[in-house]
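A.B. asks: Compact mmCIF, C-alpha atoms and all ligand atoms, file protein_32.txt:
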# COMPACT_ATOMS: atom_id res chain seq x y z
CA MET P 1 4.34 3.81 -26.29
CA ALA P 2 6.08 0.70 -25.00
CA THR P 3 7.52 -1.68 -27.59
CA ASP P 4 5.86 -5.12 -27.82
CA GLU P 5 8.62 -6.91 -25.92
CA GLN P 6 8.44 -4.32 -23.11
CA LYS P 7 4.70 -4.73 -22.65
CA VAL P 8 3.44 -6.83 -19.80
CA THR P 9 1.05 -9.63 -20.74
CA PRO P 10 -2.41 -8.51 -19.56
CA GLY P 11 -3.32 -10.14 -16.28
CA THR P 12 0.27 -10.85 -15.25
CA GLY P 13 1.37 -7.31 -14.52
CA PRO P 14 0.70 -5.33 -11.36
CA ARG P 15 -2.60 -3.49 -11.30
CA HIS P 16 -1.52 -1.14 -8.52
CA VAL P 17 2.04 0.21 -8.45
CA ALA P 18 3.31 2.48 -5.68
CA CYS P 19 6.49 4.55 -6.04
CA ILE P 20 8.84 6.00 -3.46
CA MET P 21 10.40 8.69 -5.64
CA ASP P 22 13.79 8.99 -3.99
CA GLY P 23 17.01 10.60 -5.13
CA ASN P 24 15.97 14.02 -6.44
CA GLY P 25 18.33 15.84 -4.09
CA ARG P 26 21.38 13.70 -4.90
CA TRP P 27 20.60 13.93 -8.60
CA ALA P 28 20.69 17.74 -8.45
CA THR P 29 23.67 18.01 -6.06
CA SER P 30 25.79 15.76 -8.25
CA ARG P 31 25.21 18.26 -11.05
CA GLY P 32 26.05 21.27 -8.89
CA ARG P 33 22.41 22.37 -8.90
CA PRO P 34 20.07 23.21 -5.99
CA ARG P 35 18.04 20.33 -4.58
CA LEU P 36 14.81 21.94 -5.77
CA PHE P 37 15.98 21.57 -9.35
CA GLY P 38 16.01 17.82 -8.74
CA HIS P 39 12.43 17.95 -7.49
CA HIS P 40 11.39 19.85 -10.62
CA MET P 41 13.00 17.21 -12.84
CA GLY P 42 11.35 14.57 -10.66
CA ALA P 43 7.96 16.12 -11.38
CA ARG P 44 8.62 15.67 -15.12
CA ARG P 45 9.17 11.98 -14.56
CA VAL P 46 5.87 11.77 -12.73
CA LYS P 47 4.15 12.89 -15.91
CA GLU P 48 6.05 10.36 -18.04
CA ILE P 49 5.31 7.47 -15.67
CA VAL P 50 1.61 8.33 -15.33
CA ARG P 51 1.30 8.40 -19.11
CA ALA P 52 2.99 5.01 -19.42
CA CYS P 53 0.60 3.24 -17.03
CA PRO P 54 -2.19 2.34 -19.50
CA ASP P 55 0.35 0.68 -21.83
CA HIS P 56 1.12 -1.83 -19.10
CA GLY P 57 -2.29 -2.40 -17.60
CA VAL P 58 -1.40 -0.38 -14.49
CA LYS P 59 -4.73 1.01 -13.35
CA TYR P 60 -3.57 2.51 -10.04
CA LEU P 61 -0.40 4.49 -9.45
CA THR P 62 0.35 5.85 -5.98
CA ILE P 63 3.29 8.18 -5.49
CA PHE P 64 4.99 9.41 -2.32
CA ALA P 65 5.40 13.15 -2.83
CA PHE P 66 5.86 14.41 0.74
CA SER P 67 6.08 12.48 3.98
CA THR P 68 5.12 13.47 7.52
CA GLU P 69 8.88 13.44 8.20
CA ASN P 70 9.79 15.73 5.28
CA TRP P 71 8.88 18.82 7.37
CA LYS P 72 12.30 18.35 9.00
CA ARG P 73 13.99 19.60 5.81
CA THR P 74 15.13 23.20 5.52
CA GLN P 75 12.37 25.77 5.42
CA SER P 76 13.36 26.79 1.90
CA GLU P 77 13.20 23.21 0.57
CA VAL P 78 9.80 22.65 2.19
CA ALA P 79 8.48 25.96 0.82
CA GLY P 80 9.89 25.13 -2.62
CA LEU P 81 8.23 21.72 -2.62
CA MET P 82 4.87 23.19 -1.57
CA LYS P 83 5.13 25.73 -4.38
CA LEU P 84 6.01 22.92 -6.80
CA PHE P 85 2.92 20.96 -5.75
CA ARG P 86 0.71 24.03 -6.28
CA ARG P 87 2.21 24.70 -9.69
CA TYR P 88 2.01 21.03 -10.67
CA ILE P 89 -1.74 21.00 -9.97
CA GLN P 90 -2.32 24.30 -11.77
CA ARG P 91 -0.27 23.35 -14.81
CA GLU P 92 -1.19 19.71 -15.17
CA ALA P 93 -4.91 19.79 -14.36
CA ARG P 94 -5.98 20.16 -17.99
CA ASP P 95 -3.78 17.33 -19.31
CA LEU P 96 -4.71 15.03 -16.44
CA LEU P 97 -8.39 15.60 -17.16
CA ALA P 98 -7.96 15.08 -20.91
CA GLU P 99 -5.86 11.95 -20.43
CA GLY P 100 -8.44 10.21 -18.27
CA VAL P 101 -6.46 10.40 -15.02
CA ARG P 102 -8.43 10.46 -11.78
CA VAL P 103 -6.34 12.19 -9.12
CA ARG P 104 -6.80 11.74 -5.38
CA PHE P 105 -4.64 12.74 -2.45
CA ILE P 106 -3.88 10.81 0.73
CA GLY P 107 -2.24 12.17 3.86
CA ASP P 108 -3.17 14.67 6.55
CA ARG P 109 -4.29 17.96 5.01
CA VAL P 110 -4.42 19.83 8.32
CA ARG P 111 -0.82 21.06 8.14
CA LEU P 112 -0.95 22.01 4.45
CA ASP P 113 -1.64 25.60 3.47
CA ASP P 114 -5.18 26.57 2.51
CA LYS P 115 -4.38 27.44 -1.07
CA LEU P 116 -2.77 24.06 -1.73
CA VAL P 117 -5.67 22.22 -0.08
CA ARG P 118 -8.15 24.15 -2.24
CA LEU P 119 -6.24 23.21 -5.40
CA MET P 120 -6.14 19.57 -4.27
CA ASP P 121 -9.90 19.55 -3.66
CA GLU P 122 -10.55 21.16 -7.04
CA LEU P 123 -8.35 18.67 -8.91
CA GLU P 124 -10.06 15.74 -7.19
CA LEU P 125 -13.45 17.10 -8.18
CA LEU P 126 -12.39 18.00 -11.72
CA THR P 127 -11.06 14.52 -12.46
CA SER P 128 -13.64 12.58 -10.45
CA ARG P 129 -15.32 11.08 -13.53
CA ASN P 130 -12.05 9.79 -15.01
CA ASP P 131 -11.28 6.09 -14.86
CA ARG P 132 -8.36 5.36 -17.21
CA VAL P 133 -5.64 5.70 -14.58
CA HIS P 134 -6.10 6.36 -10.86
CA LEU P 135 -3.25 8.54 -9.62
CA THR P 136 -3.01 8.87 -5.86
CA ILE P 137 -0.58 11.44 -4.51
CA ALA P 138 0.61 10.98 -0.94
CA LEU P 139 1.14 14.46 0.50
CA ASN P 140 1.99 14.93 4.15
CA TYR P 141 1.51 11.20 4.37
CA GLY P 142 2.95 8.70 6.84
CA GLY P 143 1.72 5.15 7.37
CA ARG P 144 1.79 5.40 11.15
CA ASP P 145 0.10 8.80 11.10
CA GLU P 146 -2.61 7.39 8.82
CA LEU P 147 -3.17 4.43 11.17
CA GLY P 148 -3.32 6.81 14.14
CA ARG P 149 -5.90 9.06 12.46
CA ALA P 150 -7.94 6.05 11.30
CA THR P 151 -7.94 4.56 14.79
CA LYS P 152 -9.04 7.86 16.29
CA ARG P 153 -12.03 8.06 13.91
CA LEU P 154 -12.87 4.42 14.50
CA ALA P 155 -12.73 4.90 18.28
CA ALA P 156 -15.06 7.91 17.96
CA GLU P 157 -17.58 5.71 16.11
CA VAL P 158 -17.37 3.14 18.89
CA ALA P 159 -17.74 5.82 21.58
CA ALA P 160 -20.80 7.19 19.80
CA GLY P 161 -22.36 3.74 19.79
CA ARG P 162 -22.41 3.49 16.00
CA LEU P 163 -19.88 0.67 15.90
CA SER P 164 -19.54 -2.30 18.21
CA PRO P 165 -16.00 -3.32 19.29
CA ALA P 166 -16.98 -6.88 18.38
CA ASP P 167 -17.39 -5.79 14.76
CA VAL P 168 -13.93 -4.25 14.46
CA ASP P 169 -11.69 -6.32 12.21
CA GLU P 170 -9.21 -5.77 9.36
CA THR P 171 -11.95 -4.82 6.91
CA THR P 172 -13.42 -2.27 9.31
CA LEU P 173 -10.07 -0.62 9.95
CA ALA P 174 -9.25 -0.52 6.23
CA ARG P 175 -12.45 1.48 5.67
CA PHE P 176 -11.10 4.25 7.91
CA LEU P 177 -7.72 4.50 6.16
CA ASP P 178 -6.96 7.31 3.68
CA THR P 179 -6.68 4.59 1.04
CA HIS P 180 -10.20 3.18 1.57
CA PHE P 181 -10.91 3.66 -2.16
CA LEU P 182 -7.80 1.78 -3.36
CA PRO P 183 -6.87 -1.88 -3.80
CA ASP P 184 -3.65 -2.88 -2.03
CA PRO P 185 -0.47 -2.23 -4.02
CA ASP P 186 0.92 -5.22 -5.92
CA LEU P 187 4.34 -3.68 -6.40
CA VAL P 188 6.25 -0.97 -4.54
CA ILE P 189 9.19 0.57 -6.39
CA ARG P 190 11.81 2.63 -4.57
CA THR P 191 14.46 4.44 -6.55
CA SER P 192 17.92 5.65 -5.49
CA GLY P 193 19.39 2.47 -4.01
CA GLU P 194 17.87 2.80 -0.53
CA ALA P 195 16.16 -0.39 0.66
CA ARG P 196 13.66 1.08 3.15
CA ILE P 197 9.92 1.61 3.13
CA SER P 198 10.07 4.89 5.08
CA ASN P 199 6.57 4.74 6.56
CA PHE P 200 4.87 4.38 3.14
CA LEU P 201 1.64 2.35 2.89
CA LEU P 202 2.58 0.21 5.90
CA TRP P 203 -0.78 -1.54 6.23
CA GLN P 204 -1.54 -1.74 2.54
CA SER P 205 1.80 -3.27 1.49
CA ALA P 206 1.49 -6.39 3.64
CA TYR P 207 1.72 -8.63 0.56
CA ALA P 208 3.26 -6.25 -1.96
CA GLU P 209 6.36 -7.15 -3.92
CA TYR P 210 9.23 -4.69 -3.54
CA GLU P 211 11.65 -3.50 -6.16
CA PHE P 212 14.59 -1.41 -4.98
CA ILE P 213 16.49 0.07 -7.87
CA ASP P 214 19.65 2.17 -7.98
CA THR P 215 18.43 4.77 -10.48
CA LEU P 216 17.71 8.20 -9.02
CA TRP P 217 14.09 9.26 -9.54
CA PRO P 218 14.82 12.05 -12.11
CA ASP P 219 16.55 9.39 -14.26
CA PHE P 220 13.71 6.86 -13.93
CA THR P 221 12.41 6.63 -17.48
CA LYS P 222 9.32 4.91 -18.83
CA ALA P 223 11.68 2.31 -20.39
CA GLU P 224 13.01 1.40 -16.94
CA PHE P 225 9.48 1.40 -15.56
CA ALA P 226 8.56 -1.08 -18.32
CA ARG P 227 11.53 -3.28 -17.42
CA VAL P 228 10.59 -3.35 -13.74
CA LEU P 229 6.97 -4.19 -14.58
CA GLY P 230 8.14 -6.93 -16.93
CA GLY P 231 10.03 -8.60 -14.08
CA PHE P 232 6.89 -8.66 -11.94
CA GLY P 233 5.21 -11.37 -14.04
CA ALA P 234 8.01 -13.81 -13.15
CA ARG P 235 7.40 -13.49 -9.40
CA ASP P 236 5.62 -16.22 -7.50
CA ARG P 237 3.11 -14.42 -5.27
CA ARG P 238 1.79 -16.84 -2.69
CA PHE P 239 0.11 -14.50 -0.17
CA GLY P 240 1.20 -16.83 2.61
CA ALA P 241 -0.06 -19.97 0.89
CA VAL P 242 1.87 -22.69 -0.94
CA THR P 243 2.15 -22.90 -4.71
CA ALA P 244 0.37 -25.96 -6.12
C1 LIG Y 1 12.79 12.37 -2.35
O1 LIG Y 1 14.05 12.72 -2.88
C2 LIG Y 1 11.77 13.14 -2.98
C3 LIG Y 1 10.89 13.97 -2.35
C4 LIG Y 1 10.85 14.19 -0.89
C5 LIG Y 1 9.93 14.74 -3.10
C6 LIG Y 1 9.25 14.00 -4.21
C7 LIG Y 1 8.71 14.99 -5.09
C8 LIG Y 1 8.73 14.96 -6.42
C9 LIG Y 1 9.21 13.85 -7.27
C10 LIG Y 1 8.25 16.17 -7.05
C11 LIG Y 1 7.08 16.02 -7.88
C12 LIG Y 1 5.89 15.43 -7.30
C13 LIG Y 1 4.68 15.82 -7.70
C14 LIG Y 1 3.48 15.11 -7.26
C15 LIG Y 1 4.51 16.98 -8.56
P1 LIG Y 1 15.13 13.32 -1.89
O2 LIG Y 1 14.96 14.79 -1.88
O3 LIG Y 1 15.00 12.67 -0.56
O4 LIG Y 1 16.47 12.93 -2.57
P2 LIG Y 1 17.82 12.61 -1.83
O5 LIG Y 1 17.60 11.36 -1.03
O6 LIG Y 1 18.77 12.40 -2.96
O7 LIG Y 1 18.16 13.78 -0.99
Would you mind writing the file out in structure tokens?
Ligand code: FPP

C.D. replies:
Amino acid sequence: MATDEQKVTPGTGPRHVACIMDGNGRWATSRGRPRLFGHHMGARRVKEIVRACPDHGVKYLTIFAFSTENWKRTQSEVAGLMKLFRRYIQREARDLLAEGVRVRFIGDRVRLDDKLVRLMDELELLTSRNDRVHLTIALNYGGRDELGRATKRLAAEVAAGRLSPADVDETTLARFLDTHFLPDPDLVIRTSGEARISNFLLWQSAYAEYEFIDTLWPDFTKAEFARVLGGFGARDRRFGAVTA
């Protein structure tokens, strides 16, 4: 539980927080351990952060677990990550269900192995009635890839005569994105000192606030999460307008 001074005043905190969980590899290497060990410790933090969300009024948490570019890593790291995702789903499903977490995945499932996709589908179905926290896991996700796939589906609708080009606007395109069920993120947090967005939620983050912090993801505690959320209330979000 967050202490009173760490808690965000309801209504002032971000409702949707997105996290680029960076720094697992460096965290492990600096300890003389294999990179996969860092990913395992990173997965523990995921659990801690998800659990902290209701304390701060965070209804939606979206995490970047594997990007469309991450396939360029060594085969053993990719295989280790895929195994970690499978085990995470198998091990955490019961707690996620009991804790009111609704889990959904975004990203292109085509390249993922069948067993992982089956587990993803099952977890989505299992938790589909939950509404306490909405956890969205981006797996084989890239913002440009998502926009490309969305545009392809939209173009097919137009070609089939079900959609008129005159009716295509921002709202229409957003309906074809993987994130069609999500509000836009209010705050994007990236750990590990890198100030990049790395193809994450490109469309959806148009008006998000960004917080780049030096901490490596496996060291990102719920106390630091609370501190970052606390700072959000002080920001002046104008969405392109002028403050009165
Ligand atoms: C980036 O750190 C992290 C990843 C590519 C994987 C993120 C995965 C987890 C946190 C594992 C758990 C996730 C779930 C959903 C169970 P990096 O490897 O790029 O670190 P580096 O920049 O220090 O090399």

A.B. asks: Residues within 9 Å of ligand LIG 1 (chain Y), counting all atoms listed in the file: report them as a ChimeraX atom specification.

C.D. replies: /P:20-29,35-36,38-47,63-67,70,77,81,84-89,137-139,192,194,216-218

A.B. asks: Using only C-alpha atoms, find the one residue out of P:Arg235, P:Arg162, P:Arg144, P:Arg102 that sits nearest to P:Thr127.

C.D. replies: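 Looking at the shortest contact to P:Thr127, the residue is P:Arg102.
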
A.B. asks: Go through P:Ile189, P:Ala226, P:Leu182, P:Val58 and flag the residue nearest P:Glu209, using only C-alpha atoms for the distances.

C.D. replies: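 Once distances to P:Glu209 are computed over only C-alpha atoms, the minimum belongs to P:Ile189.
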
A.B. asks: Could you work out how far atom CA of P:Phe200 lies from atom CA of P:Ala166, giving the answer in Å with one decimal?

C.D. replies: 28.9 Å

A.B. asks: Which is closest to P:Arg237 among P:Ala150, P:Ala208, P:Ala98, P:Ala223, if we use only C-alpha atoms?

C.D. replies: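 With only C-alpha atoms as the atom set, the closest residue is P:Ala208.
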
A.B. asks: So, counting all atoms listed in the file, which residue among P:Trp203, P:Phe239, P:Phe220, P:Phe181 is closest to P:Tyr60?

C.D. replies: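 Answer, going by the shortest atom-to-atom distance: P:Phe181.
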
A.B. asks: Can you pull out every residue within 10 Å of P:Asn130, counting all atoms listed in the file, but drop anything in the same chain fewer than 4 positions away, and send it as a ChimeraX atom specification?

C.D. replies: /P:96-103,126,134

A.B. asks: Do you have the atom CA of P:Pro183-atom CA of P:Arg111 distance handy?

C.D. replies: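 Atom-to-atom, atom CA of P:Pro183 to atom CA of P:Arg111, that is 26.6 Å.
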
A.B. asks: Do you know which residues are at most 8 Å from stretch 151-159 of chain P counting only C-alpha atoms, after dropping those on the same chain fewer than 5 positions away, and could you put them as JSON, numbers by chain?

C.D. replies: {"P": [164, 165, 173, 176]}

A.B. asks: How would stretch 221-232 of chain P look with all heavy atoms restored, written as a compact mmCIF listing (two decimals), in the frame of the given file?

C.D. replies:
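Saved as result13.txt:
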# COMPACT_ATOMS: atom_id res chain seq x y z
N THR P 221 13.16 6.43 -16.24
CA THR P 221 12.41 6.63 -17.48
C THR P 221 11.26 5.63 -17.61
O THR P 221 11.21 4.63 -16.90
CB THR P 221 13.34 6.41 -18.69
OG1 THR P 221 13.83 5.04 -18.60
CG2 THR P 221 14.49 7.38 -18.70
N LYS P 222 10.41 5.87 -18.60
CA LYS P 222 9.32 4.91 -18.83
C LYS P 222 9.88 3.57 -19.31
O LYS P 222 9.27 2.53 -19.09
CB LYS P 222 8.29 5.49 -19.80
CG LYS P 222 8.81 5.77 -21.18
CD LYS P 222 7.72 6.35 -22.04
CE LYS P 222 8.29 6.65 -23.42
NZ LYS P 222 7.33 7.26 -24.32
N ALA P 223 11.06 3.58 -19.95
CA ALA P 223 11.68 2.31 -20.39
C ALA P 223 12.08 1.49 -19.16
O ALA P 223 11.87 0.27 -19.12
CB ALA P 223 12.88 2.59 -21.27
N GLU P 224 12.63 2.15 -18.15
CA GLU P 224 13.01 1.40 -16.94
C GLU P 224 11.77 0.94 -16.18
O GLU P 224 11.73 -0.17 -15.64
CB GLU P 224 13.91 2.25 -16.04
CG GLU P 224 14.45 1.43 -14.89
CD GLU P 224 15.73 1.95 -14.28
OE1 GLU P 224 16.06 3.14 -14.48
OE2 GLU P 224 16.40 1.15 -13.59
N PHE P 225 10.76 1.77 -16.17
CA PHE P 225 9.48 1.40 -15.56
C PHE P 225 8.96 0.12 -16.23
O PHE P 225 8.57 -0.84 -15.56
CB PHE P 225 8.50 2.56 -15.76
CG PHE P 225 7.15 2.41 -15.11
CD1 PHE P 225 7.03 2.11 -13.76
CD2 PHE P 225 5.99 2.62 -15.85
CE1 PHE P 225 5.77 2.00 -13.16
CE2 PHE P 225 4.73 2.51 -15.26
CZ PHE P 225 4.62 2.20 -13.91
N ALA P 226 9.02 0.10 -17.56
CA ALA P 226 8.56 -1.08 -18.32
C ALA P 226 9.37 -2.32 -17.94
O ALA P 226 8.82 -3.40 -17.79
CB ALA P 226 8.66 -0.80 -19.81
N ARG P 227 10.67 -2.14 -17.77
CA ARG P 227 11.53 -3.28 -17.42
C ARG P 227 11.16 -3.83 -16.04
O ARG P 227 11.04 -5.04 -15.85
CB ARG P 227 13.00 -2.82 -17.44
CG ARG P 227 14.00 -3.94 -17.20
CD ARG P 227 15.41 -3.41 -17.06
NE ARG P 227 15.61 -2.49 -15.94
CZ ARG P 227 15.60 -2.84 -14.66
NH1 ARG P 227 15.39 -4.08 -14.30
NH2 ARG P 227 15.80 -1.93 -13.72
N VAL P 228 10.94 -2.92 -15.09
CA VAL P 228 10.59 -3.35 -13.74
C VAL P 228 9.24 -4.08 -13.76
O VAL P 228 9.07 -5.13 -13.13
CB VAL P 228 10.54 -2.14 -12.77
CG1 VAL P 228 10.04 -2.55 -11.40
CG2 VAL P 228 11.92 -1.50 -12.65
N LEU P 229 8.29 -3.54 -14.51
CA LEU P 229 6.97 -4.19 -14.58
C LEU P 229 7.07 -5.55 -15.24
O LEU P 229 6.40 -6.50 -14.85
CB LEU P 229 5.99 -3.31 -15.37
CG LEU P 229 5.69 -1.93 -14.78
CD1 LEU P 229 4.71 -1.19 -15.67
CD2 LEU P 229 5.13 -2.03 -13.37
N GLY P 230 7.94 -5.66 -16.24
CA GLY P 230 8.14 -6.93 -16.93
C GLY P 230 8.63 -8.01 -15.99
O GLY P 230 8.23 -9.17 -16.09
N GLY P 231 9.48 -7.63 -15.04
CA GLY P 231 10.03 -8.60 -14.08
C GLY P 231 8.97 -9.08 -13.10
O GLY P 231 9.09 -10.16 -12.51
N PHE P 232 7.92 -8.32 -12.93
CA PHE P 232 6.89 -8.66 -11.94
C PHE P 232 6.17 -9.96 -12.29
O PHE P 232 5.88 -10.78 -11.43
CB PHE P 232 5.87 -7.52 -11.86
CG PHE P 232 4.77 -7.77 -10.87
CD1 PHE P 232 4.93 -7.45 -9.54
CD2 PHE P 232 3.56 -8.32 -11.28
CE1 PHE P 232 3.92 -7.68 -8.62
CE2 PHE P 232 2.54 -8.56 -10.37
CZ PHE P 232 2.72 -8.23 -9.04
